[in-house]
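What follows is one structure encoded as structure tokens, with my remarks underneath.
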Amino acid sequence: MKKHISTSIFLLLISTATAFGQTSWLDRPLNNWNNGNGTVPNAPRTFAAIDARCQSQIRQPDSIADRAVTRAGWSLFGAAQTFGQVTVVNGMAAADGMCRPSLYNTFVFVGGRFAGTLSPTTMESRTDGALSQASLNGQDNITAEFSRYRSSDALCCPSQTSFVTYSVSTGGRALVRANDVTTTQACPTDGGVTTQDNVVSGTVTYRQRIALPATAVLTVRLVDVSRADAPSTTIAEQRIETAGKQVPFSFDMAYDRTKIEERNRYAVQAEIRDNGRLTFITDTSYPVITQGSPKTVEITLVPVGGGQGGGTRENTIRGTVTYLQRIALPANSEVRVWLVDAAAPTGPAVAETVFSTRDRQVPYQFELNYDQRDINRQRNYELRAEIRSNNAVRFKTAAGQPVSLRGNQNNSTPIELVLSVVDGEPAAITGKSLTLSKFGAGSLKIGTRPNQFLVRGTVSVRTDGSATVAVGTISNQTEFTGKLTYFDQNVLRITITSSGNADANGEIEISYNGGRLNSIIGNNLILDGQDVVLRF
């Protein structure tokens, strides 16, 4: 009997969620669901506890509002926001297989008294009507963004966003009221950067019964493999921190349609690294997009060092070239890798390979073939590498990387060459133009001065490589100027040189998606000799 009751409840929950997803409250006239009774709604009952792998995302209660939410059965996640008497807290009842919030809502408190939720019902990540961001802009004003999915949208890329503004009554009866909702396209479509029909998706797994450490990172790349005589060009890339989870992993990777040519061939490649050490990699081509190929693939990796993979030739050395500095290279820089006698590191190369970076950034994969007749098995050999930009060496190996070429061993384990910067001053990236802005909530703290609350931010990048970041309140702002030193479809990094008439240095990292600004974060930022903490 209990089994039948549980099944009925489960089916009822499914039918209710489905009906609600088909007619979202965001598409109907707004009727306030909060009644001001001060009682936090109980978390829905679930059939399983939150997986232990997701426990690190759960925040412990440290305020009256936090404790009120946890007493009602919710698990806290994300940062709480406070402005004066008002506090905004996130709570979830469950988590999905990727530890994303499930059955969650956002709760508002005034002076420790519950004032209401930002959604009339619990939400599921990556479904229509899921809250993606809430900003407490003042004691009486909250804005929130909700993802809006059409049936044809990929899970990574909802085609629309609904923006809701709320008012907060802070008098004798604390109450949150939704005032207005506006639904717009989530991203501009004229640049072809992120829409639902330009996404490659799939799964990544391997056959070995080997558990991944929590520090392992999966990287999936969409590459142009049209030219057999040149290194592949990366079109898009997705990085997934496994955080203790195990295969299979799902991925959704958006790409720029303007970079796709129907006559070319494209494939998906993947690799898993642990603390930078390559452990699994693709040894099979997975074609996608053009020439009748699908946009969904199931990828099976092989362990490095042979395993069940495709093996390597005895006279081939494979590996990667990278550097630790967060410095972007100009397009069409040149990578050179060569093999030398360790006793004569400046002598002639035994073998070498040279290739262009095109518009890719580190790490770069290489293959170096050598002739067995050039190898004296009684001697020691080492690998060296350098990267040139505009005919000048920008990075090089500080010392040779020893390699063993003795005996009949198979050189199948990839070698990572970590280069050092030759000139510590990064060059500006030119030819890029972008303007981003948003209203939200953030903070700026300079030295021992009081914390400044931020409500707006603007980022401007010009084609000459110069860039400006301005943050502040409605009435005043602080402006940082510098140069663009890293650029991809989701992240900008600006090396700061000044702030008005004041000296400034460090870096500001901007996260964005299409024309939408997500965050502004200061890294090692200094203004007039004082440490700066910037979060927006």
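Letters for chains follow the order of the structure tokens (A, B, ...), residue numbers begin at 1 for each chain, and ligand numbers begin at 1 in the order shown.
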
Could you find all residues in stretch 25-189 of chain A that DSSP calls strand (DSSP E or B) from the backbone, and write them as a PyMOL selection string? chain A and resi 58-59+75-77+81-83+86-95+101-110+113-117+123-124+130-138+141-148+160-169+175-185

Stretch 378-481 of chain A residues near stretch 267-279 of chain A within 12 Å, closest pair each, using only C-alpha atoms, as a tab-separated table:
```
residue	atom	partner	partner_atom	distance
A:Ser412	CA	A:Leu278	CA	11.7
A:Thr413	CA	A:Leu278	CA	8.7
A:Pro414	CA	A:Leu278	CA	7.2
A:Ile415	CA	A:Leu278	CA	8.8
A:Glu416	CA	A:Arg277	CA	7.9
A:Leu417	CA	A:Gly276	CA	11.1
A:Val418	CA	A:Gly276	CA	10.5
```

Emit the selected residues as a PDB file, in the first residue's frame, including C-alpha atoms.
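The result, written out as selection-v2.pdb:
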```pdb
ATOM      1  CA  SER A 412      53.657   6.670 -25.226  1.00  0.00           C
ATOM      2  CA  THR A 413      53.385   8.747 -22.039  1.00  0.00           C
ATOM      3  CA  PRO A 414      52.732  12.390 -23.012  1.00  0.00           C
ATOM      4  CA  ILE A 415      55.324  14.894 -21.839  1.00  0.00           C
ATOM      5  CA  GLU A 416      54.264  18.324 -20.608  1.00  0.00           C
ATOM      6  CA  LEU A 417      56.668  21.192 -21.313  1.00  0.00           C
ATOM      7  CA  VAL A 418      56.012  24.166 -19.025  1.00  0.00           C
TER       8      VAL A 418
END
```

Stretch 453-469 of chain A environment, 6 Å, only C-alpha atoms, sequence neighbours closer than 4 positions dropped, as a PyMOL selection string: chain A and resi 428-443+473+479-484

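For the atom pair formed by atom CA of A:Pro61 and atom CA of A:Ile520, the distance is 26.9 Å, given to one decimal.
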
Give me, as a PyMOL selection string, all polymer residues having an atom no more than 10 Å from A:Ile526, counting only C-alpha atoms and skipping those fewer than 3 positions away in the same chain. chain A and resi 446-447+496-499+503-507+522-523+529-533

Would you mind exporting the chosen residues as a tab-separated table (two decimals), in the first residue's frame, restricted to all heavy atoms?
```
chain	number	residue	atom	x	y	z
A	446	ILE	N	38.74	49.52	-0.73
A	446	ILE	CA	40.08	50.02	-1.00
A	446	ILE	C	40.80	50.22	0.33
A	446	ILE	O	40.41	51.07	1.15
A	446	ILE	CB	40.03	51.35	-1.78
A	446	ILE	CG1	39.27	51.17	-3.09
A	446	ILE	CG2	41.45	51.85	-2.05
A	446	ILE	CD1	39.03	52.48	-3.83
A	447	GLY	N	41.84	49.42	0.56
A	447	GLY	CA	42.60	49.52	1.80
A	447	GLY	C	41.70	49.38	3.02
A	447	GLY	O	40.92	48.44	3.14
A	496	ILE	N	45.51	46.13	-15.52
A	496	ILE	CA	45.22	47.50	-15.11
A	496	ILE	C	46.51	48.31	-15.01
A	496	ILE	O	47.52	47.84	-14.47
A	496	ILE	CB	44.48	47.51	-13.76
A	496	ILE	CG1	43.14	46.75	-13.91
A	496	ILE	CG2	44.22	48.94	-13.30
A	496	ILE	CD1	42.23	47.27	-14.98
A	497	THR	N	46.47	49.55	-15.51
A	497	THR	CA	47.63	50.44	-15.46
A	497	THR	C	47.36	51.72	-14.68
A	497	THR	O	48.30	52.37	-14.22
A	497	THR	CB	48.08	50.80	-16.89
A	497	THR	OG1	46.97	51.38	-17.60
A	497	THR	CG2	48.55	49.56	-17.63
A	498	SER	N	46.10	52.14	-14.54
A	498	SER	CA	45.80	53.38	-13.82
A	498	SER	C	44.33	53.42	-13.42
A	498	SER	O	43.53	52.60	-13.88
A	498	SER	CB	46.14	54.61	-14.69
A	498	SER	OG	45.32	54.64	-15.85
A	499	SER	N	44.01	54.42	-12.60
A	499	SER	CA	42.63	54.70	-12.21
A	499	SER	C	42.49	56.21	-12.09
A	499	SER	O	42.87	56.80	-11.08
A	499	SER	CB	42.28	54.02	-10.88
A	499	SER	OG	40.98	54.36	-10.47
A	503	ASP	N	47.77	55.88	-9.54
A	503	ASP	CA	48.45	54.68	-9.99
A	503	ASP	C	47.62	53.46	-9.61
A	503	ASP	O	47.05	53.39	-8.53
A	503	ASP	CB	49.84	54.58	-9.35
A	503	ASP	CG	50.78	55.67	-9.83
A	503	ASP	OD1	50.61	56.11	-10.98
A	503	ASP	OD2	51.67	56.08	-9.07
A	504	ALA	N	47.60	52.48	-10.50
A	504	ALA	CA	46.88	51.23	-10.23
A	504	ALA	C	47.55	50.12	-11.02
A	504	ALA	O	48.12	50.36	-12.09
A	504	ALA	CB	45.40	51.34	-10.60
A	505	ASN	N	47.49	48.92	-10.50
A	505	ASN	CA	47.99	47.76	-11.24
A	505	ASN	C	47.26	46.52	-10.76
A	505	ASN	O	46.49	46.56	-9.80
A	505	ASN	CB	49.51	47.61	-11.08
A	505	ASN	CG	49.94	47.48	-9.63
A	505	ASN	OD1	49.72	46.46	-9.01
A	505	ASN	ND2	50.55	48.54	-9.10
A	506	GLY	N	47.51	45.42	-11.43
A	506	GLY	CA	46.80	44.18	-11.16
A	506	GLY	C	45.97	43.78	-12.36
A	506	GLY	O	46.25	44.20	-13.50
A	507	GLU	N	44.96	43.00	-12.12
A	507	GLU	CA	44.15	42.46	-13.22
A	507	GLU	C	42.68	42.44	-12.82
A	507	GLU	O	42.34	42.22	-11.65
A	507	GLU	CB	44.61	41.04	-13.55
A	507	GLU	CG	43.86	40.38	-14.69
A	507	GLU	CD	44.27	38.94	-14.90
A	507	GLU	OE1	43.81	38.08	-14.13
A	507	GLU	OE2	45.05	38.68	-15.83
A	522	GLY	N	38.30	41.52	-9.30
A	522	GLY	CA	39.66	42.02	-9.25
A	522	GLY	C	40.62	40.94	-8.77
A	522	GLY	O	40.33	40.21	-7.83
A	523	ASN	N	41.79	40.84	-9.44
A	523	ASN	CA	42.83	39.89	-9.05
A	523	ASN	C	44.11	40.65	-8.74
A	523	ASN	O	44.68	41.31	-9.62
A	523	ASN	CB	43.09	38.88	-10.18
A	523	ASN	CG	41.89	38.00	-10.47
A	523	ASN	OD1	41.19	37.61	-9.54
A	523	ASN	ND2	41.66	37.69	-11.72
A	529	GLY	N	48.83	52.15	-3.96
A	529	GLY	CA	49.55	51.37	-2.95
A	529	GLY	C	48.68	50.61	-1.98
A	529	GLY	O	49.18	49.98	-1.05
A	530	GLN	N	47.36	50.64	-2.15
A	530	GLN	CA	46.44	49.95	-1.24
A	530	GLN	C	45.77	48.78	-1.95
A	530	GLN	O	45.40	48.88	-3.13
A	530	GLN	CB	45.37	50.92	-0.74
A	530	GLN	CG	45.93	52.12	0.01
A	530	GLN	CD	44.82	53.03	0.47
A	530	GLN	OE1	44.18	52.78	1.50
A	530	GLN	NE2	44.57	54.09	-0.27
A	531	ASP	N	45.61	47.69	-1.21
A	531	ASP	CA	44.93	46.52	-1.76
A	531	ASP	C	43.48	46.86	-2.06
A	531	ASP	O	42.82	47.56	-1.30
A	531	ASP	CB	44.99	45.35	-0.78
A	531	ASP	CG	46.40	44.80	-0.64
A	531	ASP	OD1	47.18	44.94	-1.59
A	531	ASP	OD2	46.72	44.26	0.44
A	532	VAL	N	42.99	46.32	-3.18
A	532	VAL	CA	41.61	46.55	-3.60
A	532	VAL	C	40.90	45.21	-3.71
A	532	VAL	O	41.42	44.28	-4.34
A	532	VAL	CB	41.54	47.29	-4.95
A	532	VAL	CG1	40.09	47.43	-5.41
A	532	VAL	CG2	42.21	48.65	-4.84
A	533	VAL	N	39.73	45.10	-3.11
A	533	VAL	CA	38.88	43.91	-3.24
A	533	VAL	C	37.65	44.33	-4.06
A	533	VAL	O	36.86	45.16	-3.61
A	533	VAL	CB	38.46	43.34	-1.88
A	533	VAL	CG1	37.55	42.13	-2.08
A	533	VAL	CG2	39.68	42.97	-1.06
```

Point-to-point distance from atom CA of A:Thr316 to atom CA of A:Arg377, Å rounded to tenths: 15.7 Å

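Considering the residues A:Asn332, A:Leu26, A:Thr203, A:Ile289 and counting only C-alpha atoms, A:Thr184 has its shortest atom-to-atom contact with A:Leu26.
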
What's the 10 Å shell around stretch 171-173 of chain A, counting only C-alpha atoms, without same-chain residues fewer than 5 positions away, as a list in words? Asn35, Gly36, Asn37, Gly38, Val110, Arg113, Phe114 and Ala115 of chain A

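Nearest to A:Asn390 of all the residues A:Ser356, A:Gln365, A:Gln55, A:Ser420 is A:Ser356, based on only C-alpha atoms.
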
Find the residues near A:Ser250: any atom within 9 Å, counting only C-alpha atoms, skip ones fewer than 3 places away on the same chain, and give them as a ChimeraX atom specification. /A:98,201-204,247

Closest of A:Thr170, A:Gln372, A:Ser24, A:Gln325 to A:Phe109, counting only C-alpha atoms, is A:Thr170

Do a neighbour search on A:Ile387 at 12 Å with only C-alpha atoms, toss out local chain neighbours closer than 2 positions, and write the hits as an NGL selection string. :A and (321-323 or 329-338 or 354-357 or 361-364 or 384-385 or 389-397 or 417-423)

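Compared by their closest atoms to A:Ile299, and using only C-alpha atoms, the residues A:Thr205, A:Gln85, A:Gln133, A:Asn32 rank with A:Thr205 nearest.
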
Determine the nearest neighbour of A:Asp51 from the options A:Lys245, A:Asp128, A:Ile235, A:Val199, counting only C-alpha atoms. A:Lys245
